[in-house]
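Enquirer: Just so it is clear, I am handing over query-v2.cif, which has mmCIF, C-alpha atoms.
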```cif
data_run
loop_
_atom_site.label_atom_id
_atom_site.label_comp_id
_atom_site.auth_asym_id
_atom_site.auth_seq_id
_atom_site.Cartn_x
_atom_site.Cartn_y
_atom_site.Cartn_z
CA MET A 308 89.90 64.68 80.36
CA ASN A 309 89.69 60.88 80.14
CA ALA A 310 92.51 58.87 81.59
CA VAL A 311 95.10 57.80 79.01
CA ARG A 312 96.60 54.36 79.47
CA ILE A 313 99.63 53.87 77.24
CA SER A 314 102.62 51.71 78.08
CA PRO A 315 105.93 53.59 78.39
CA VAL A 316 107.29 52.01 75.20
CA GLY A 317 104.02 52.63 73.36
CA PHE A 318 104.13 56.24 74.47
CA PHE A 319 107.62 56.73 73.03
CA GLU A 320 106.66 54.97 69.80
CA ARG A 321 103.65 57.26 69.44
CA THR A 322 105.74 60.39 69.97
CA GLY A 323 108.70 59.21 67.91
CA MET A 324 111.07 59.63 70.84
CA LEU A 325 112.33 56.05 71.32
CA ARG A 326 115.96 56.54 70.40
CA PRO A 327 119.29 55.50 71.96
CA MET A 328 119.96 58.94 73.46
CA GLY A 329 116.60 58.84 75.23
CA SER A 330 117.47 56.31 77.95
CA PHE A 331 117.09 58.91 80.70
CA PHE A 332 113.74 60.09 79.35
CA ALA A 333 112.67 56.48 78.74
CA GLU A 334 113.34 55.76 82.41
CA LEU A 335 111.17 58.72 83.42
CA ALA A 336 108.39 57.42 81.13
CA ARG A 337 108.63 53.91 82.57
CA GLN A 338 108.20 55.26 86.11
CA ALA A 339 105.51 57.85 85.27
CA SER A 340 102.55 55.83 86.53
CA ALA A 341 104.27 54.77 89.75
CA ASN A 342 105.50 58.29 90.38
CA ALA A 343 102.03 59.76 89.78
CA ARG A 344 100.55 57.33 92.30
CA ARG A 345 103.26 58.23 94.80
CA GLU A 346 102.38 61.92 94.44
CA VAL A 347 98.67 61.33 95.05
CA GLU A 348 99.48 59.23 98.12
CA ALA A 349 101.77 62.01 99.40
CA TYR A 350 98.98 64.58 99.00
CA ALA A 351 96.55 62.43 101.00
CA ARG A 352 99.17 61.69 103.67
CA GLU A 353 100.82 65.09 104.13
CA ILE A 354 98.17 67.70 103.30
CA PRO A 355 95.07 67.57 105.52
CA GLU A 356 92.88 69.27 102.90
CA PHE A 357 93.54 66.31 100.59
CA GLY A 358 92.31 63.77 103.11
CA PHE A 359 89.20 63.28 100.97
CA LEU A 360 91.31 61.35 98.44
CA ASP A 361 91.15 58.34 100.76
CA THR A 362 87.34 58.22 100.59
CA ASN A 363 86.44 59.83 97.24
CA SER A 364 87.50 57.42 94.49
CA ARG A 365 86.44 59.73 91.68
CA ALA A 366 88.47 62.66 93.03
CA ARG A 367 91.44 60.33 93.54
CA ALA A 368 91.21 59.12 89.94
CA GLU A 369 91.05 62.72 88.62
CA THR A 370 94.03 63.77 90.74
CA LEU A 371 95.99 60.74 89.54
CA GLU A 372 95.08 61.49 85.93
CA TYR A 373 96.41 65.04 86.23
CA ALA A 374 99.62 63.90 87.95
CA LEU A 375 100.23 61.34 85.20
CA TRP A 376 99.46 63.84 82.44
CA LEU A 377 102.02 66.31 83.85
CA ARG A 378 104.74 63.68 83.84
CA ARG A 379 103.99 62.52 80.33
CA ARG A 380 103.97 66.07 78.98
CA THR A 381 107.28 66.65 80.75
CA VAL A 382 108.87 63.64 79.04
CA GLU A 383 107.33 64.58 75.70
CA LEU A 384 108.45 68.23 75.68
CA SER A 385 111.74 68.37 77.59
CA PRO A 386 114.02 66.41 75.16
CA GLU A 387 113.59 69.07 72.44
CA ASN A 388 113.03 71.95 74.89
CA GLY A 389 109.43 72.34 73.73
CA GLU A 390 107.14 74.79 75.49
CA LEU A 391 103.87 74.03 77.20
CA SER A 392 101.12 74.89 74.72
CA ASP A 393 98.18 77.20 75.35
CA ASP A 394 96.01 74.10 75.73
CA ASP A 395 98.44 72.70 78.30
CA LEU A 396 98.39 75.94 80.29
CA GLY A 397 94.61 76.08 80.03
CA TYR A 398 94.33 72.58 81.50
CA ILE A 399 96.69 73.50 84.35
CA ALA A 400 94.68 76.69 85.03
CA ALA A 401 91.46 74.64 85.05
CA ILE A 402 92.92 72.37 87.75
CA GLY A 403 93.87 75.41 89.84
CA GLU A 404 90.39 76.84 89.40
CA LEU A 405 88.78 73.52 90.30
CA ARG A 406 90.77 73.22 93.52
CA ALA A 407 90.11 76.81 94.61
CA ALA A 408 86.40 76.37 93.90
CA ALA A 409 86.44 73.31 96.17
CA GLY A 410 87.73 75.49 99.01
CA MET A 411 91.48 74.85 98.99
CA SER A 412 93.33 77.38 101.16
CA LEU A 413 96.36 79.40 100.10
CA SER A 414 98.56 77.50 102.55
CA ALA A 415 97.44 74.15 101.12
CA ARG A 416 98.07 75.43 97.60
CA GLN A 417 101.61 76.39 98.59
CA ARG A 418 102.20 72.95 100.10
CA VAL A 419 100.88 71.27 96.94
CA LEU A 420 103.28 73.25 94.74
CA ARG A 421 106.24 72.60 97.04
CA LEU A 422 105.46 68.90 97.32
CA HIS A 423 104.95 68.48 93.56
CA THR A 424 108.22 70.26 92.76
CA SER A 425 110.11 68.23 95.36
CA LEU A 426 108.76 64.95 94.02
CA MET A 427 109.55 65.84 90.41
CA LEU A 428 113.15 66.65 91.34
CA ARG A 429 113.36 63.38 93.25
CA GLU A 430 112.09 61.48 90.22
CA ILE A 431 114.70 63.13 88.00
CA ASN A 432 117.42 62.12 90.47
CA GLU A 433 116.11 58.54 90.62
CA ALA A 434 116.09 58.28 86.82
CA THR A 435 119.68 59.52 86.75
CA GLU A 436 120.77 56.94 89.31
CA ALA A 437 118.97 54.18 87.39
CA GLN A 438 121.14 55.02 84.39
CA ARG A 439 124.27 54.73 86.60
CA GLY A 440 125.20 58.34 86.00
CA ALA A 441 124.95 58.15 82.21
CA GLY A 442 123.04 60.68 80.14
CA VAL A 443 124.48 63.86 81.65
CA ASP A 444 123.52 65.81 78.53
CA GLU A 445 119.93 64.63 78.87
CA LEU A 446 119.87 65.56 82.55
CA MET A 447 121.11 69.06 81.77
CA ARG A 448 118.52 69.36 79.02
CA MET A 449 115.80 68.35 81.45
CA MET A 450 116.90 70.83 84.10
CA GLY A 451 117.13 73.61 81.52
CA TRP A 452 113.53 72.87 80.55
CA PHE A 453 112.13 72.26 84.02
CA ALA A 454 112.66 75.71 85.59
CA PRO A 455 111.12 78.01 82.95
CA GLN A 456 108.27 75.67 82.05
CA GLY A 457 107.59 74.95 85.71
CA GLU A 458 107.31 78.68 86.30
CA ARG A 459 104.84 79.01 83.43
CA GLY A 460 102.81 76.13 84.80
CA ILE A 461 102.70 77.60 88.31
CA ARG A 462 101.62 80.96 86.90
CA ALA A 463 98.78 79.31 84.97
CA TYR A 464 97.74 77.31 88.05
CA SER A 465 97.72 80.51 90.13
CA GLN A 466 95.67 82.37 87.54
CA GLY A 467 93.07 79.62 87.59
CA PHE A 468 93.12 79.58 91.38
CA VAL A 469 92.50 83.34 91.57
CA THR A 470 89.75 83.14 88.95
CA ALA A 471 87.79 80.84 91.26
CA LEU A 472 88.45 83.03 94.28
CA ARG A 473 87.03 86.05 92.47
CA HIS A 474 83.77 84.20 91.91
CA ARG A 475 83.63 82.49 95.30
CA LEU A 476 84.76 85.14 97.79
CA PRO A 477 83.58 88.67 98.62
CA TYR A 478 85.96 91.52 97.83
CA VAL A 479 86.97 92.03 101.46
CA GLU A 480 87.91 88.35 101.85
CA GLN A 481 90.02 88.54 98.70
CA ALA A 482 91.83 91.54 100.23
CA ALA A 483 92.44 89.51 103.39
CA LEU A 484 93.92 86.70 101.29
CA LEU A 485 96.18 89.22 99.56
CA ALA A 486 97.45 90.41 102.95
CA GLU A 487 98.00 86.80 104.01
CA SER A 488 99.85 85.94 100.80
CA LEU A 489 102.14 88.99 101.12
CA LEU A 490 102.97 88.18 104.74
CA ASN A 491 103.78 84.58 103.71
CA SER A 492 105.78 85.63 100.62
CA ASP A 493 103.39 83.64 98.42
CA PRO A 494 103.95 84.46 94.72
CA ILE A 495 100.18 84.29 94.15
CA SER A 496 100.02 87.78 95.68
CA ALA A 497 100.76 89.27 92.25
CA GLU A 498 97.72 87.53 90.75
CA LEU A 499 95.51 88.46 93.71
CA ALA A 500 96.57 92.10 93.58
CA SER A 501 95.86 92.26 89.86
CA ALA A 502 92.40 90.77 90.37
CA LEU A 503 91.65 93.33 93.09
CA GLY A 504 93.05 96.25 91.12
CA MET A 505 95.63 96.93 93.85
CA GLU A 506 99.27 97.80 93.35
CA LEU A 507 102.24 96.04 94.90
CA PRO A 508 104.68 98.83 95.76
CA GLU A 509 108.35 98.49 96.59
CA ARG A 510 107.73 99.55 100.20
CA CYS A 511 104.77 99.54 102.52
CA ALA A 512 103.79 100.38 106.08
CA VAL A 513 102.67 97.31 107.98
CA THR A 514 100.18 98.59 110.55
CA VAL A 515 98.66 96.63 113.44
CA ILE A 516 95.68 98.07 115.31
CA ARG A 517 95.18 96.29 118.64
CA VAL A 518 91.58 95.97 119.80
CA PRO A 519 91.02 94.78 123.40
CA ASP A 520 88.17 92.48 124.28
CA ARG A 521 84.87 94.30 123.61
CA PRO A 522 81.51 93.92 125.37
CA GLY A 523 79.18 91.30 123.91
CA GLY A 524 76.69 93.97 122.87
CA ASP A 525 79.14 95.60 120.45
CA ARG A 526 78.41 94.98 116.78
CA ASP A 527 80.68 92.87 114.62
CA LEU A 528 83.29 94.65 112.52
CA GLU A 529 82.77 93.04 109.10
CA SER A 530 81.08 96.03 107.48
CA GLU A 531 83.59 98.49 108.98
CA ILE A 532 86.52 96.44 107.69
CA GLU A 533 84.96 96.19 104.23
CA ALA A 534 84.47 99.96 104.14
CA LEU A 535 88.09 100.39 105.19
CA VAL A 536 89.34 98.14 102.37
CA ARG A 537 87.26 99.92 99.74
CA THR A 538 88.15 103.41 100.97
CA HIS A 539 91.88 102.90 101.38
CA HIS A 540 92.33 100.31 98.64
CA ALA A 541 94.83 98.30 100.66
CA PRO A 542 95.05 94.67 101.78
CA VAL A 543 93.57 94.38 105.26
CA THR A 544 92.88 91.33 107.40
CA TRP A 545 91.39 90.73 110.87
CA CYS A 546 93.14 88.33 113.27
CA PRO A 547 90.98 87.28 116.24
CA GLY A 548 92.64 87.42 119.65
CA SER A 549 92.42 85.18 122.68
CA GLY A 550 89.40 87.11 123.96
CA SER A 551 86.04 86.37 122.42
CA ARG A 552 85.86 89.81 120.73
CA SER A 553 89.46 91.02 120.82
CA GLY A 554 91.92 90.93 117.95
CA GLU A 555 94.20 92.81 115.60
CA LEU A 556 93.52 94.57 112.35
CA ILE A 557 96.53 94.19 110.04
CA ALA A 558 96.91 96.51 107.04
CA LEU A 559 99.67 96.73 104.43
CA ILE A 560 99.61 100.30 103.16
CA PRO A 561 101.61 101.25 100.05
CA LEU A 562 104.28 103.91 100.55
CA HIS A 563 105.36 106.03 97.64
CA PRO A 564 108.76 107.71 97.47
CA PRO A 565 108.58 111.50 97.84
CA THR A 566 108.57 113.56 94.68
CA PRO A 567 112.18 114.67 94.10
CA GLN A 568 112.84 118.37 94.60
CA ALA A 569 114.84 120.51 92.22
CA SER A 570 117.68 120.68 94.77
CA PRO A 571 117.12 117.86 97.23
CA GLY A 572 120.42 118.39 99.04
CA PRO A 573 122.38 115.70 100.86
CA ARG A 574 120.61 112.91 102.74
CA THR A 575 121.38 113.20 106.43
CA ALA A 576 120.63 111.16 109.51
CA GLU A 577 117.67 113.46 110.15
CA THR A 578 116.09 112.72 106.77
CA VAL A 579 116.61 108.95 106.83
CA GLN A 580 115.04 107.45 109.93
CA PRO A 581 114.60 103.70 110.46
CA HIS A 582 111.06 102.48 111.09
CA SER A 583 109.62 105.93 110.37
CA VAL A 584 106.48 106.59 108.37
CA PRO A 585 107.37 109.54 106.14
CA ASP A 586 103.78 110.46 105.29
CA LEU A 587 102.64 111.06 108.89
CA PRO A 588 100.82 113.26 109.61
CA PRO A 589 98.74 113.49 107.48
CA GLY A 590 98.83 110.48 105.22
CA PRO A 591 97.21 107.19 104.33
CA VAL A 592 98.48 105.36 107.43
CA SER A 593 97.11 107.92 109.89
CA ASP A 594 93.89 108.19 107.89
CA LEU A 595 93.30 104.44 108.02
CA VAL A 596 93.97 104.28 111.76
CA ARG A 597 91.63 107.18 112.50
CA ASP A 598 88.88 105.80 110.25
CA PHE A 599 88.98 102.41 111.95
CA ALA A 600 89.15 103.88 115.46
CA GLN A 601 86.17 106.09 114.71
CA ALA A 602 84.17 103.14 113.36
CA LEU A 603 85.22 101.01 116.34
CA GLY A 604 84.04 103.60 118.85
CA ARG A 605 86.35 102.25 121.55
CA PRO A 606 90.00 102.73 122.51
CA CYS A 607 92.59 100.92 120.43
CA ALA A 608 96.37 101.04 119.95
CA ALA A 609 98.20 101.17 116.63
CA GLY A 610 101.78 100.34 115.76
CA THR A 611 103.46 100.55 112.39
CA ALA A 612 106.78 99.63 110.77
CA THR A 613 107.91 100.22 107.22
CA SER A 614 109.80 97.72 105.10
CA PRO A 615 110.41 96.55 101.55
CA LEU A 616 107.60 94.33 100.31
CA SER A 617 109.89 91.30 100.58
CA GLU A 618 110.39 91.83 104.34
CA VAL A 619 106.83 92.49 105.52
CA ALA A 620 106.78 89.44 107.81
CA ASP A 621 109.55 90.98 109.95
CA ALA A 622 107.79 94.35 109.84
CA LEU A 623 104.58 92.68 111.05
CA ASP A 624 106.38 91.26 114.07
CA LEU A 625 107.75 94.70 114.96
CA ALA A 626 104.44 96.50 114.33
CA ARG A 627 102.67 93.96 116.53
CA ARG A 628 105.13 94.50 119.37
CA ILE A 629 104.74 98.27 119.04
CA SER A 630 100.94 98.04 119.12
CA ARG A 631 101.09 95.97 122.31
CA ALA A 632 103.35 98.53 123.97
CA ALA A 633 101.41 101.57 122.71
CA PRO A 634 98.71 103.24 124.82
CA LEU A 635 95.03 102.66 124.07
CA ARG A 636 93.39 105.79 122.68
CA ARG A 637 90.02 106.82 121.33
CA ALA A 638 89.56 108.28 117.87
CA SER A 639 90.60 111.92 117.59
CA ALA A 640 92.30 114.26 115.18
CA ARG A 641 95.58 113.57 117.02
CA LEU A 642 95.32 109.78 116.81
CA ARG A 643 98.15 108.19 114.88
CA PRO A 644 100.03 104.90 114.78
CA HIS A 645 103.09 104.62 116.97
CA THR A 646 106.54 103.76 115.65
CA VAL A 647 109.67 102.44 117.37
CA SER A 648 110.70 105.98 118.35
CA ASP A 649 107.49 106.38 120.37
CA VAL A 650 107.77 103.25 122.51
CA PHE A 651 111.43 102.27 122.35
CA VAL A 652 111.73 102.34 126.16
CA GLU A 653 108.74 100.01 126.57
CA LEU A 654 110.13 97.65 123.94
CA ALA A 655 113.54 97.66 125.60
CA VAL A 656 112.28 96.86 129.10
CA SER A 657 109.79 94.21 127.99
CA ASP A 658 112.64 91.68 128.10
CA ALA A 659 113.91 92.93 131.48
CA PRO A 660 111.44 91.71 134.14
CA PHE A 661 113.01 93.62 137.07
CA ILE A 662 112.71 96.96 135.22
CA ASP A 663 109.21 96.05 134.15
CA GLU A 664 108.20 95.38 137.76
CA TRP A 665 109.83 98.63 138.92
CA LEU A 666 107.82 100.66 136.39
CA HIS A 667 104.66 98.91 137.52
CA ALA A 668 105.51 99.78 141.13
CA VAL A 669 105.86 103.45 140.20
CA GLY A 670 102.52 103.20 138.43
CA ARG A 671 100.86 101.69 141.48
CA SER A 672 102.03 104.63 143.58
CA LEU A 673 100.01 106.95 141.33
CA GLN A 674 96.74 105.09 141.91
CA PRO A 675 95.59 107.21 144.93
CA GLY A 676 95.90 110.46 143.01
CA PRO A 677 93.00 112.10 141.11
CA ASP A 678 93.28 111.36 137.39
CA LEU A 679 97.06 111.42 137.52
CA PHE A 680 97.62 109.04 134.60
CA VAL A 681 95.34 111.05 132.34
CA THR A 682 96.99 114.29 133.51
CA LEU A 683 100.52 113.05 132.85
CA ASP A 684 99.47 111.65 129.46
CA ALA A 685 98.10 115.05 128.41
CA TYR A 686 101.10 116.85 129.92
CA TYR A 687 103.63 114.91 127.87
CA ARG A 688 101.52 114.84 124.70
CA HIS A 689 101.43 118.66 124.83
CA ASP A 690 105.19 118.94 125.34
CA MET A 691 104.74 119.95 129.01
CA HIS A 692 103.01 123.21 128.04
CA ARG A 693 100.85 124.18 131.02
CA GLY A 694 98.25 126.20 129.14
CA ALA A 695 97.73 123.66 126.35
CA THR A 696 97.60 120.79 128.85
CA ALA A 697 95.07 122.51 131.09
CA ALA A 698 92.90 123.34 128.07
CA ALA A 699 93.03 119.74 126.84
CA LEU A 700 92.00 118.50 130.29
CA ASN A 701 89.39 121.25 130.64
CA VAL A 702 90.78 122.26 134.05
CA HIS A 703 92.26 125.44 135.52
CA PRO A 704 96.08 125.72 135.28
CA ARG A 705 96.22 125.76 139.11
CA THR A 706 94.41 122.42 139.16
CA LEU A 707 97.02 121.10 136.78
CA ASP A 708 99.79 122.42 139.06
CA TYR A 709 98.18 120.66 142.03
CA ARG A 710 98.06 117.34 140.19
CA LEU A 711 101.70 117.61 139.12
CA ARG A 712 102.69 118.36 142.74
CA ARG A 713 100.71 115.30 143.79
CA VAL A 714 102.68 113.16 141.32
CA ARG A 715 105.91 114.43 142.86
CA GLU A 716 104.68 113.68 146.39
CA LEU A 717 103.56 110.13 145.55
CA THR A 718 106.55 109.07 143.46
CA GLY A 719 109.39 111.32 144.56
CA ILE A 720 109.88 112.19 140.89
CA ASP A 721 109.44 115.68 139.43
CA PRO A 722 107.31 115.20 136.26
CA GLY A 723 108.91 118.29 134.68
CA SER A 724 112.50 117.09 135.09
CA THR A 725 114.51 115.17 132.53
CA ARG A 726 114.42 112.15 134.84
CA GLY A 727 110.67 112.54 135.26
CA VAL A 728 110.04 112.65 131.54
CA ARG A 729 112.04 109.46 130.97
CA ILE A 730 110.43 107.50 133.78
CA LEU A 731 106.88 108.81 134.07
CA SER A 732 106.16 108.93 130.35
CA SER A 733 107.07 105.23 130.20
CA VAL A 734 104.89 104.48 133.23
CA VAL A 735 101.94 106.29 131.65
CA THR A 736 102.39 104.59 128.28
CA ARG A 737 102.49 101.15 129.86
CA HIS A 738 99.44 101.91 132.01
CA LEU A 739 97.41 103.16 129.06
CA SER A 740 98.46 100.18 126.93
CA GLU A 741 96.85 97.86 129.49
CA ALA A 742 93.91 99.92 130.76
CA TRP A 743 90.43 100.21 129.28
CA HIS A 744 88.92 103.70 129.28
#
```
Using C-alpha cells, write down the structure that the file contains.
Expert:
Amino acid sequence: MNAVRISPVGFFERTGMLRPMGSFFAELARQASANARREVEAYAREIPEFGFLDTNSRARAETLEYALWLRRRTVELSPENGELSDDDLGYIAAIGELRAAAGMSLSARQRVLRLHTSLMLREINEATEAQRGAGVDELMRMMGWFAPQGERGIRAYSQGFVTALRHRLPYVEQAALLAESLLNSDPISAELASALGMELPERCAVTVIRVPDRPGGDRDLESEIEALVRTHHAPVTWCPGSGSRSGELIALIPLHPPTPQASPGPRTAETVQPHSVPDLPPGPVSDLVRDFAQALGRPCAAGTATSPLSEVADALDLARRISRAAPLRRASARLRPHTVSDVFVELAVSDAPFIDEWLHAVGRSLQPGPDLFVTLDAYYRHDMHRGATAAALNVHPRTLDYRLRRVRELTGIDPGSTRGVRILSSVVTRHLSEAWH
C-alpha cells in the first residue's frame, strides 16, 4: 500500500466528517502523523526485534505507513461506530503474516500488541485533555468502538501471524510455540491450536520430564520429540538445562472429565484429590512419560500437576518442583509421573536446610552397605512385601532380610517400622533424584 499524505482537515473534508461535534475526532486526526511516528520510535526503542527500524529506511517507512493507516481508519470509523471492513482485516492480517515471516517471536508480538494498545489509549487521553474535557459523548463513542474493533483487529493480526508460522516452521516447532503461548496466557494459542488440529480443553496435566546431563555420544532428541507430539497430539516443548545436554521436556496433556455414571453418588474427599491425575494408570500422561523414557534410553524423572487451562503457569512451577524432587528411573511398565502426594515430604523439607542436611546424613550412612538404596527403593515400591521385593531384585528372600538388617545397623532405623517408612523412603527418593544409574 502506498503512503497516503492528506492533511488532517483535508482528510475530514474527504470523509465528510468535519462538523462541530467532531472536535475530539478532529484532534485525533491532527495528531495522527505525530502519533504514528511516536509508535514507530517506541517499537525501535523498546522491542529489540524492531532494532532494524533504525537502519532499514524502507522497513521504517512501511511500519510508519501501517501505523498511520490504523489511526486514520480509527478516526474514520469510530464516530458512526462503523466496523472494520473485510479489506481492513485482510490488510491487518497481511501485516501479521509479514512480521511472522520475518521471524518475529511470540513474545515480541505480544509486546507489539501491548505497546500499540497502550499508545492508542494515551492518544485518546491526550485528545480529551486538548479539548479541556469537552466532548464526553465523543469520548464514550470512541471507547465503545475501540474495544470490539480492536479485538477484531488483533484476531486478524493473529490469524495472519499463524498463517506464516504454518509455512515457515515444522509441525513440532509449531507445537512448541503452542505450549509456550499457553504457558504465557497468549491469546494466539487458540489460533495455533486450530492450525495444528489440537483441542484446548478446560483442564490439562502439565508434565515435566527432567533429563540429567547426558554423555556427548548420545543422539539428539529432535526426532523423538516430534514422534511424541504426533503420537500424543499434545503441545510439547524442550527446555535446555544448564548442562550441555540436560533439560526438561514440558507437555500440556488434555484431561477429559470422566463419563458420568447412572448413579454417581456423592463426591467425597476420596474422589476429589488436589493435584491428582485421574487417568493414571493407565492414561495419556503415563503413556507419554513411558514413551519418552523408552526413547531416551536413560533414567529421567517426571512430575505432573493438573490445573484449569488458565492456570497452567502455576501448574508448571509445581510440576517442575515435583520432577526435581522425584527419583530418576528408567523406562518400565511401572514408570509414571509423580504428583504432590508422592514427594510431599521432599517438597516440604526443600525449604528447611537443617532437615535437608539431616536426611543427607542418613543417606551417607547407607553408602557402605551393598545396594541398600536400590533395595529400599524396591522394598517401598512393592509395599514392603518380601516376596515381591526379592523377586523384583532377583535375590533370595534371605538376602533381602540381610540387607534390611544392614540398613537397621547402619542407621539405627528399622525400615519396616512406621518411622522407618517416613524417614528412609524420603532418603531414598532424594538419593535417586540426584544419582545417575
Enquirer: List every residue of stretch 587-673 of chain A that has an atom at most 10 Å from any atom of stretch 727-743 of chain A, and for each one report the closest atom pair and its distance in Å to one decimal, counting only C-alpha atoms, with rows sorted by chain and then by increasing residue number, as CSV.
Expert:
```
residue,atom,partner,partner_atom,distance
A:Arg605,CA,A:Trp743,CA,9.0
A:Pro606,CA,A:Trp743,CA,7.2
A:Cys607,CA,A:Ser740,CA,8.8
A:Ala608,CA,A:Ser740,CA,7.3
A:Ser630,CA,A:Ser740,CA,8.5
A:Arg631,CA,A:Ser740,CA,6.8
A:Ala632,CA,A:Ser740,CA,5.9
A:Ala633,CA,A:Ser740,CA,5.3
A:Pro634,CA,A:Ser740,CA,3.7
A:Leu635,CA,A:Ser740,CA,5.1
A:Arg636,CA,A:Leu739,CA,8.0
A:Asp649,CA,A:Thr736,CA,9.6
A:Val650,CA,A:Ser733,CA,8.0
A:Phe651,CA,A:Ser733,CA,9.5
A:Val652,CA,A:Ser733,CA,6.8
A:Glu653,CA,A:Ser733,CA,6.6
A:Val656,CA,A:Ser733,CA,9.9
A:Asp663,CA,A:Arg737,CA,9.5
A:Trp665,CA,A:Val734,CA,9.5
A:Leu666,CA,A:Val734,CA,5.8
A:His667,CA,A:Val734,CA,7.0
A:Ala668,CA,A:Val734,CA,9.2
A:Val669,CA,A:Val734,CA,7.1
A:Gly670,CA,A:Val734,CA,5.9
A:Arg671,CA,A:His738,CA,9.6
A:Leu673,CA,A:Val734,CA,9.8
```
Enquirer: Once the PyMOL selection byres ((chain A and resi 488) around 12) is applied to the coordinates I shared, what remains selected? I want it as number ranges by chain.
Expert: A: 412-414, 416-417, 481-487, 489-500, 507, 542-544, 559, 616-617, 619-620
Enquirer: With C-alpha atoms retained, could you export that selection as an mmCIF file, in the coordinates of the input?
Expert:
```cif
data_model
loop_
_atom_site.group_PDB
_atom_site.id
_atom_site.type_symbol
_atom_site.label_atom_id
_atom_site.label_comp_id
_atom_site.auth_asym_id
_atom_site.auth_seq_id
_atom_site.Cartn_x
_atom_site.Cartn_y
_atom_site.Cartn_z
ATOM 1 C CA SER A 412 93.330 77.380 101.160
ATOM 2 C CA LEU A 413 96.360 79.400 100.100
ATOM 3 C CA SER A 414 98.560 77.500 102.550
ATOM 4 C CA ARG A 416 98.070 75.430 97.600
ATOM 5 C CA GLN A 417 101.610 76.390 98.590
ATOM 6 C CA GLN A 481 90.020 88.540 98.700
ATOM 7 C CA ALA A 482 91.830 91.540 100.230
ATOM 8 C CA ALA A 483 92.440 89.510 103.390
ATOM 9 C CA LEU A 484 93.920 86.700 101.290
ATOM 10 C CA LEU A 485 96.180 89.220 99.560
ATOM 11 C CA ALA A 486 97.450 90.410 102.950
ATOM 12 C CA GLU A 487 98.000 86.800 104.010
ATOM 13 C CA LEU A 489 102.140 88.990 101.120
ATOM 14 C CA LEU A 490 102.970 88.180 104.740
ATOM 15 C CA ASN A 491 103.780 84.580 103.710
ATOM 16 C CA SER A 492 105.780 85.630 100.620
ATOM 17 C CA ASP A 493 103.390 83.640 98.420
ATOM 18 C CA PRO A 494 103.950 84.460 94.720
ATOM 19 C CA ILE A 495 100.180 84.290 94.150
ATOM 20 C CA SER A 496 100.020 87.780 95.680
ATOM 21 C CA ALA A 497 100.760 89.270 92.250
ATOM 22 C CA GLU A 498 97.720 87.530 90.750
ATOM 23 C CA LEU A 499 95.510 88.460 93.710
ATOM 24 C CA ALA A 500 96.570 92.100 93.580
ATOM 25 C CA LEU A 507 102.240 96.040 94.900
ATOM 26 C CA PRO A 542 95.050 94.670 101.780
ATOM 27 C CA VAL A 543 93.570 94.380 105.260
ATOM 28 C CA THR A 544 92.880 91.330 107.400
ATOM 29 C CA LEU A 559 99.670 96.730 104.430
ATOM 30 C CA LEU A 616 107.600 94.330 100.310
ATOM 31 C CA SER A 617 109.890 91.300 100.580
ATOM 32 C CA VAL A 619 106.830 92.490 105.520
ATOM 33 C CA ALA A 620 106.780 89.440 107.810
#
```
Enquirer: Kindly give the distance, in Å, that separates atom CA of A:Gly719 and atom CA of A:Ala695, rounded to a single decimal.
Expert: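 Value for the atom CA of A:Gly719-atom CA of A:Ala695 distance: 24.9 Å.
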Enquirer: Taking the file as shown, find all residues satisfying the PyMOL selection byres ((chain A and resi 382) around 9) and write them as number ranges by chain.
Expert: A: 332-333, 335-336, 377-381, 383-386, 449
Enquirer: Taking 5 positions as the minimum chain separation for residues in the same chain, which residues sit within 8 Å of A:Leu679 when counting all atoms listed in the file? Answer as number ranges by chain.
Expert: A: 673-674, 710-711, 714
Enquirer: Any idea what's packed within 12 Å of A:Glu555, counting only C-alpha atoms, ignoring anything in its chain fewer than 3 positions away? Could you give it as a PyMOL selection string?
Expert: chain A and resi 514-520+528+532+543-550+552+558+599+607-610+623+626-628+630-631
Enquirer: For the PyMOL selection byres ((chain A and resi 613) around 6), applied here, can you spell out every residue it catches as number ranges by chain?
Expert: A: 511-512, 582, 612, 614
Enquirer: Interatomic distance between atom CA of A:Arg345 and atom CA of A:Thr435?
Expert: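 Taking atom CA of A:Arg345 as the start and atom CA of A:Thr435 as the end point, the length is 18.3 Å.
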Enquirer: Of the candidates A:Ser425, A:Ser330, A:Thr538, A:Ser639, which one gets nearest to A:Val443 if we count only C-alpha atoms?
Expert: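 Under the stated criterion, the closest residue is A:Ser330.
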Enquirer: Find the residues around A:Ala351 up to 12 Å (only C-alpha atoms counted), leave out those fewer than 2 positions away in its own chain, and share them as a list in words.
Expert: Arg344, Arg345, Glu346, Val347, Glu348, Ala349, Glu353, Ile354, Pro355, Glu356, Phe357, Gly358, Phe359, Leu360, Asp361, Thr362, Asn363, Ala366, Arg367, Thr370, Leu371, Ala415, Arg418, Val419 and Leu422 of chain A
Enquirer: List the spatial neighbours of stretch 397-404 of chain A as a list in words - criterion: any atom at most 7 Å away, all atoms listed in the file, same-chain residues fewer than 4 positions off excluded.
Expert: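 Neighbouring residues, sequence-local ones excluded: Asp393, Ala408, Gly460, Ala463, Tyr464, Ser465, Gln466, Gly467, Phe468, Thr470 and Ala471 of chain A.
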Enquirer: Given only C-alpha atoms as the basis, pick out the residue of A:Val479, A:Arg521, A:Asp444, A:Gln438 nearest to A:Arg537.
Expert: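 Going through A:Val479, A:Arg521, A:Asp444, A:Gln438 one by one, the smallest distance to A:Arg537 is for A:Val479.
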Enquirer: Do you have the atom CA of A:Leu683-atom CA of A:Pro722 distance handy?
Expert: 7.9 Å
Enquirer: Determine the nearest neighbour of A:Gly676 from the options A:Leu642, A:Arg712, A:Asp690, A:Ala622, counting all atoms listed in the file.
Expert: A:Arg712
Enquirer: Could you check which of A:Leu717, A:Leu556, A:Ala343, A:Leu472 is closest to A:Met427, using all atoms listed in the file?
Expert: A:Ala343
Enquirer: Which one is closest to A:Pro591: A:Arg713, A:Arg705, A:Arg643, A:His423? Count only C-alpha atoms.
Expert: A:Arg643
Enquirer: Taking all atoms of stretch 726-735 of chain A that appear in the file, build a box with edges along x, y and z, extend it by 3 Å on every side, and state its centre and edge lengths in Å to one decimal, as lines of an AutoDock Vina configuration file.
Expert:
```
center_x = 108.2
center_y = 108.6
center_z = 132.7
size_x = 18.5
size_y = 14.2
size_z = 11.1
```
